[in-house]
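First the structure, in the form of structure tokens, and then the observations on it.
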Amino acid sequence: MDGYGFIKELPEEMQGPSCGTWIFHGNMRGDTQPLDGKGLWSKLQPGHGKDFRSDGQTNKYGQRFGVELSFAKKLKELRPDENIALVKYSKGGTSIAIEAARNFGCWDPDFIKGDGEHIHINQYDHFLATLRGALSISDIDGDGEPDRLIPSGILWMQGESDGTMYSASLQYEANLKRLMDLIRASLHQDDLPVVVGRISDSMKDGKKVWEFGETLRAAQAAFCDKDSAASLVTSTDNYGYSDPWHYDTAGYLDLGEKFAEAMNELRKK
């Protein structure tokens with residue numbers, strides 16, 4: 001979910017700031033690292049990909065982008081009378097299952113690593129820190145008037161690391177449900193719409209990258225089938241790749257649009 005699309009490959013109409021859309025992007029942090037939560041509300045523009053950073057006063061935009069650009073653009077087309085505010089936190093390679101975390105990070109709130117001062121800090125903690133940072137600012141557009149932020153949905157594109165282990169793949173439905181319930185609770189709405197992107201495999205050199213990917217895909221589908229406020233985006237099977245693990249620019253643009261369409265349909269319900 002970090003974003004590996006190339007800005008240089010964006011169509012001209014998406015090269016500048018997005019009208020009417022604001023974003024708070026938390027810094028990517030590793031497990032056991034002190035909580036950060038730094039960021040600032042700014043107009044959405046290209047550069048909120050894997051190489052984005054913020055010190056809380058200014059943003060450092062990278063050369064990559066994620067689904068946020070086309071998601072916001074499409075959602076604005078579908079809901080032209082609504083303002084859009086996005087809170088983004090992600091870290092590539094992370095798992096939900098504790099046993100699949102390796103050195104990339106884990107979203108299980110109970111994950112503990114090492115024996116240092118911050119052994120209890122994990123990806124869920126960093127997400128909460130980002131959320132607190134975003135919600136601590138009452139005037140997000142700087143016009144001198146307080147803004148009311150209304151939680152409206154969650155986008156989730158993850159699972160590949162869990163798909164490298166059989167046990168993690170089998171547990172994924174239960175792990176995903178628990179995590180989404182916790183994130184919904186953090187936003188004080190237990191039926192908040194969730195759109196999940198189905199993982200796919202680049203089949204580099206004709207071999208599976210995610211050995212137990214099919215088991216995990218079934219778990220993603222099962223979660224969405226059982227949760228009336230969840231939807232699964234399956235267009236990922238048709239995307240190209242910029243490396244064995246990440247979609248190409250066209251894939252990120254399409255995925256953002258599909259996320260927006262699915263979110264719009266869930267919100268209609």
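A note on labels: chains of the structure tokens are A, B, ... as shown, every chain counts residues from 1, and ligands are counted from 1 in their shown order.
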
Please provide the set of residues having any atom within 10 Å of Asp237 of chain A, restricted to only C-alpha atoms, with same-chain residues fewer than 2 positions apart removed, written as a list in words.
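Neighbouring residues, sequence-local ones excluded: Arg198, Ile199, Ser200, Asp201, Ser202, Val233, Thr234, Ser235, Tyr239, Gly240 and Gly251 of chain A.
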
Compile the contact shell of Gly256 of chain A as a list in words: residues with an atom at most 7 Å away, counting only C-alpha atoms, same-chain residues fewer than 3 positions apart removed.
Val67, Glu68, Ser70, Phe71, Tyr252, Leu253, Phe259 and Ala260 of chain A

Name all residues at most 8 Å from segment 100-117 of chain A (count only C-alpha atoms; drop same-chain ones fewer than 4 positions away) and give them as a list in words.
Gly30, Asp31, Thr32, Lys91, Gly92, Gly93, Thr94, Ser95, Ile96, Ile121, Asn122, Gln123, Tyr124, Asp125, Ser161, Asp162, Thr164, Met165, Ala168 and Leu179 of chain A

Between A:Leu10, A:Tyr172, A:Glu211, A:Arg29, smallest distance to Ile98 of chain A by only C-alpha atoms belongs to A:Tyr172

According to DSSP computed on the backbone, where in segment 33-224 of chain A is there helix (DSSP H, G or I)? Give the residues as a compact mmCIF listing (two decimals) with C-alpha atoms, in the first residue's frame.
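selection_13.txt written:
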# COMPACT_ATOMS: atom_id res chain seq x y z
CA GLU A 68 -4.59 7.75 -3.23
CA LEU A 69 -4.42 9.79 -6.45
CA SER A 70 -6.87 7.89 -8.63
CA PHE A 71 -8.98 6.91 -5.61
CA ALA A 72 -9.60 10.58 -4.75
CA LYS A 73 -10.12 11.55 -8.39
CA LYS A 74 -12.69 8.82 -9.01
CA LEU A 75 -14.46 9.32 -5.69
CA LYS A 76 -14.79 13.02 -6.44
CA GLU A 77 -16.44 12.13 -9.74
CA LEU A 78 -18.84 9.78 -7.98
CA ILE A 98 3.10 -12.74 14.16
CA GLU A 99 4.99 -15.72 12.75
CA ALA A 100 5.19 -14.11 9.28
CA GLN A 123 2.53 -1.38 13.05
CA TYR A 124 -0.84 -1.07 14.74
CA ASP A 125 0.71 1.35 17.24
CA HIS A 126 2.23 3.41 14.42
CA PHE A 127 -1.15 3.51 12.67
CA LEU A 128 -2.82 4.78 15.87
CA ALA A 129 -0.10 7.42 16.27
CA THR A 130 -0.75 8.62 12.72
CA LEU A 131 -4.50 8.69 13.35
CA ARG A 132 -4.02 10.69 16.57
CA GLY A 133 -1.81 13.13 14.72
CA ALA A 134 -4.37 13.60 11.97
CA LEU A 135 -7.32 14.03 14.33
CA ASP A 162 1.20 -13.73 5.16
CA GLY A 163 0.96 -15.67 1.90
CA THR A 164 4.52 -16.92 2.30
CA TYR A 166 0.85 -21.85 5.30
CA SER A 167 -0.18 -21.22 8.92
CA ALA A 168 -0.42 -17.45 8.37
CA SER A 169 -2.53 -17.98 5.25
CA LEU A 170 -4.93 -20.27 7.12
CA GLN A 171 -5.29 -17.75 9.93
CA TYR A 172 -5.65 -14.73 7.66
CA GLU A 173 -9.45 -14.47 7.66
CA ALA A 174 -9.59 -14.41 11.47
CA ASN A 175 -6.57 -12.10 11.72
CA LEU A 176 -8.00 -9.67 9.16
CA LYS A 177 -11.39 -9.60 10.90
CA ARG A 178 -9.80 -8.84 14.25
CA LEU A 179 -7.63 -6.07 12.81
CA MET A 180 -10.46 -4.44 10.86
CA ASP A 181 -12.67 -4.57 13.96
CA LEU A 182 -9.92 -2.82 15.93
CA ILE A 183 -9.42 -0.14 13.27
CA ARG A 184 -13.18 0.39 13.08
CA ALA A 185 -13.25 0.75 16.85
CA SER A 186 -10.47 3.33 16.71
CA LYS A 204 8.38 -14.17 -11.81
CA ASP A 205 10.37 -16.67 -13.87
CA GLY A 206 7.27 -18.85 -13.97
CA GLY A 213 -1.25 -17.04 -2.07
CA GLU A 214 -4.32 -18.98 -3.19
CA THR A 215 -5.10 -19.94 0.40
CA LEU A 216 -4.77 -16.33 1.44
CA ARG A 217 -6.93 -15.10 -1.47
CA ALA A 218 -9.65 -17.47 -0.33
CA ALA A 219 -9.37 -16.03 3.18
CA GLN A 220 -9.73 -12.49 1.83
CA ALA A 221 -12.86 -13.51 -0.08
CA ALA A 222 -14.30 -15.28 2.95
CA PHE A 223 -13.85 -12.18 5.12
CA CYS A 224 -15.62 -9.99 2.57

Quick one: residues within 6 Å of Val195 of chain A, only C-alpha atoms counted, chain neighbours fewer than 3 positions away excluded, as a list in words?
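Counting only C-alpha atoms, the residues come to Leu155, Ala230, Ser231 and Leu232 of chain A.
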
Backbone DSSP call of strand (DSSP E or B) for segment 122-213 of chain A, listed as a ChimeraX atom specification
/A:154-156,194-197

Prev. selection, C-alpha atoms, output as an mmCIF file, in the first residue's frame:
data_model
loop_
_atom_site.group_PDB
_atom_site.id
_atom_site.type_symbol
_atom_site.label_atom_id
_atom_site.label_comp_id
_atom_site.auth_asym_id
_atom_site.auth_seq_id
_atom_site.Cartn_x
_atom_site.Cartn_y
_atom_site.Cartn_z
ATOM 1 C CA ILE A 154 -11.003 1.885 5.160
ATOM 2 C CA LEU A 155 -8.813 0.779 2.248
ATOM 3 C CA TRP A 156 -6.681 -2.326 2.800
ATOM 4 C CA VAL A 194 -13.827 -1.789 4.282
ATOM 5 C CA VAL A 195 -12.508 -2.339 0.761
ATOM 6 C CA VAL A 196 -9.867 -5.053 0.420
ATOM 7 C CA GLY A 197 -7.563 -5.468 -2.571
#

Residues at most 9 Å from Phe65 of chain A, counting only C-alpha atoms, excluding those fewer than 3 positions away in the same chain, as a list in words?
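Non-adjacent residues within range: Asp2, Gly3, Tyr4, Gly5, Phe6, Ile7, Gln45, Pro46, Gly47, His48, Gly49, Lys50, Asp51, Phe52, Gly62, Glu68, Leu69, Thr249 and Tyr252 of chain A.
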
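Between atom CA of Gly39 of chain A and atom CA of Gly26 of chain A the interatomic distance comes to 5.5 Å.
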
For Cys19 of chain A, which of A:Ser54, A:Thr236, A:Asn83, A:Asn59 is the closest residue, counting only C-alpha atoms?
A:Asn83

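Pairwise distance (atom CA of His120 of chain A, atom CA of Gln33 of chain A) equals 9.5 Å.
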
Best match for closeness to Pro80 of chain A among A:Pro17, A:Gln63, A:Lys38, A:Asn264, counting only C-alpha atoms:
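Smallest distance to Pro80 of chain A is found for A:Asn264.
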
Can you tell me, as a list in words, what residues are no more than 12 Å from Ser138 of chain A when counting only C-alpha atoms, ignoring any on the same chain fewer than 6 positions away?
Leu40, Trp41, Arg132, Gly144, Glu145, Pro146, Asp147, Arg148 and Leu149 of chain A

Generate a file of the selected residues that holds N, CA and C atoms, formatted as a PDB file, in the first residue's frame.
ATOM      1  N   LEU A  40       1.258  16.472   8.385  1.00  0.00           N
ATOM      2  CA  LEU A  40       0.435  17.668   8.331  1.00  0.00           C
ATOM      3  C   LEU A  40      -0.588  17.497   7.226  1.00  0.00           C
ATOM      4  N   TRP A  41      -1.715  18.108   7.432  1.00  0.00           N
ATOM      5  CA  TRP A  41      -2.739  18.083   6.395  1.00  0.00           C
ATOM      6  C   TRP A  41      -2.302  18.969   5.239  1.00  0.00           C
ATOM      7  N   ARG A 132      -3.967   9.643  15.539  1.00  0.00           N
ATOM      8  CA  ARG A 132      -4.025  10.688  16.567  1.00  0.00           C
ATOM      9  C   ARG A 132      -3.472  12.003  16.033  1.00  0.00           C
ATOM     10  N   GLY A 144      -9.084  28.921   8.928  1.00  0.00           N
ATOM     11  CA  GLY A 144      -9.474  29.576  10.161  1.00  0.00           C
ATOM     12  C   GLY A 144     -10.752  29.045  10.780  1.00  0.00           C
ATOM     13  N   GLU A 145     -11.396  28.100  10.120  1.00  0.00           N
ATOM     14  CA  GLU A 145     -12.630  27.518  10.639  1.00  0.00           C
ATOM     15  C   GLU A 145     -12.392  26.043  10.968  1.00  0.00           C
ATOM     16  N   PRO A 146     -12.928  25.563  12.099  1.00  0.00           N
ATOM     17  CA  PRO A 146     -12.758  24.139  12.443  1.00  0.00           C
ATOM     18  C   PRO A 146     -13.476  23.249  11.448  1.00  0.00           C
ATOM     19  N   ASP A 147     -12.878  22.115  11.156  1.00  0.00           N
ATOM     20  CA  ASP A 147     -13.461  21.153  10.226  1.00  0.00           C
ATOM     21  C   ASP A 147     -13.934  19.920  10.996  1.00  0.00           C
ATOM     22  N   ARG A 148     -15.002  19.307  10.504  1.00  0.00           N
ATOM     23  CA  ARG A 148     -15.509  18.080  11.101  1.00  0.00           C
ATOM     24  C   ARG A 148     -15.120  16.909  10.209  1.00  0.00           C
ATOM     25  N   LEU A 149     -14.317  15.993  10.752  1.00  0.00           N
ATOM     26  CA  LEU A 149     -13.889  14.815  10.003  1.00  0.00           C
ATOM     27  C   LEU A 149     -14.821  13.655  10.315  1.00  0.00           C
TER      28      LEU A 149
END

To one decimal in Å, tell me the separation between atom CA of Arg267 of chain A and atom CA of Met157 of chain A.
19.0 Å

Taking 5 positions as the minimum chain separation for residues in the same chain, which residues sit within 10 Å of Met203 of chain A when counting only C-alpha atoms? Answer as JSON, numbers by chain.
{"A": [208, 209, 210, 244, 245]}

Can you write just those residues out, N, CA and C atoms, as a PDB file, in the first residue's frame?
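Final output, selection_11.pdb:
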ATOM      1  N   LYS A 208       5.764 -19.135  -8.384  1.00  0.00           N
ATOM      2  CA  LYS A 208       4.985 -18.349  -7.453  1.00  0.00           C
ATOM      3  C   LYS A 208       5.900 -17.536  -6.535  1.00  0.00           C
ATOM      4  N   VAL A 209       5.549 -16.274  -6.345  1.00  0.00           N
ATOM      5  CA  VAL A 209       6.246 -15.440  -5.374  1.00  0.00           C
ATOM      6  C   VAL A 209       5.651 -15.675  -3.983  1.00  0.00           C
ATOM      7  N   TRP A 210       4.316 -15.853  -3.938  1.00  0.00           N
ATOM      8  CA  TRP A 210       3.599 -16.101  -2.687  1.00  0.00           C
ATOM      9  C   TRP A 210       3.141 -17.563  -2.695  1.00  0.00           C
ATOM     10  N   PRO A 244       9.024  -7.920  -8.939  1.00  0.00           N
ATOM     11  CA  PRO A 244       8.265  -9.122  -8.590  1.00  0.00           C
ATOM     12  C   PRO A 244       7.169  -8.921  -7.547  1.00  0.00           C
ATOM     13  N   TRP A 245       7.213  -7.810  -6.822  1.00  0.00           N
ATOM     14  CA  TRP A 245       6.321  -7.631  -5.671  1.00  0.00           C
ATOM     15  C   TRP A 245       5.312  -6.509  -5.829  1.00  0.00           C
TER      16      TRP A 245
END

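Of the residues under consideration (A:Thr58, A:His25, A:Ala85, A:Lys268), A:Ala85 shows the shortest atom-to-atom contact distance to Asp139 of chain A when counting only C-alpha atoms.
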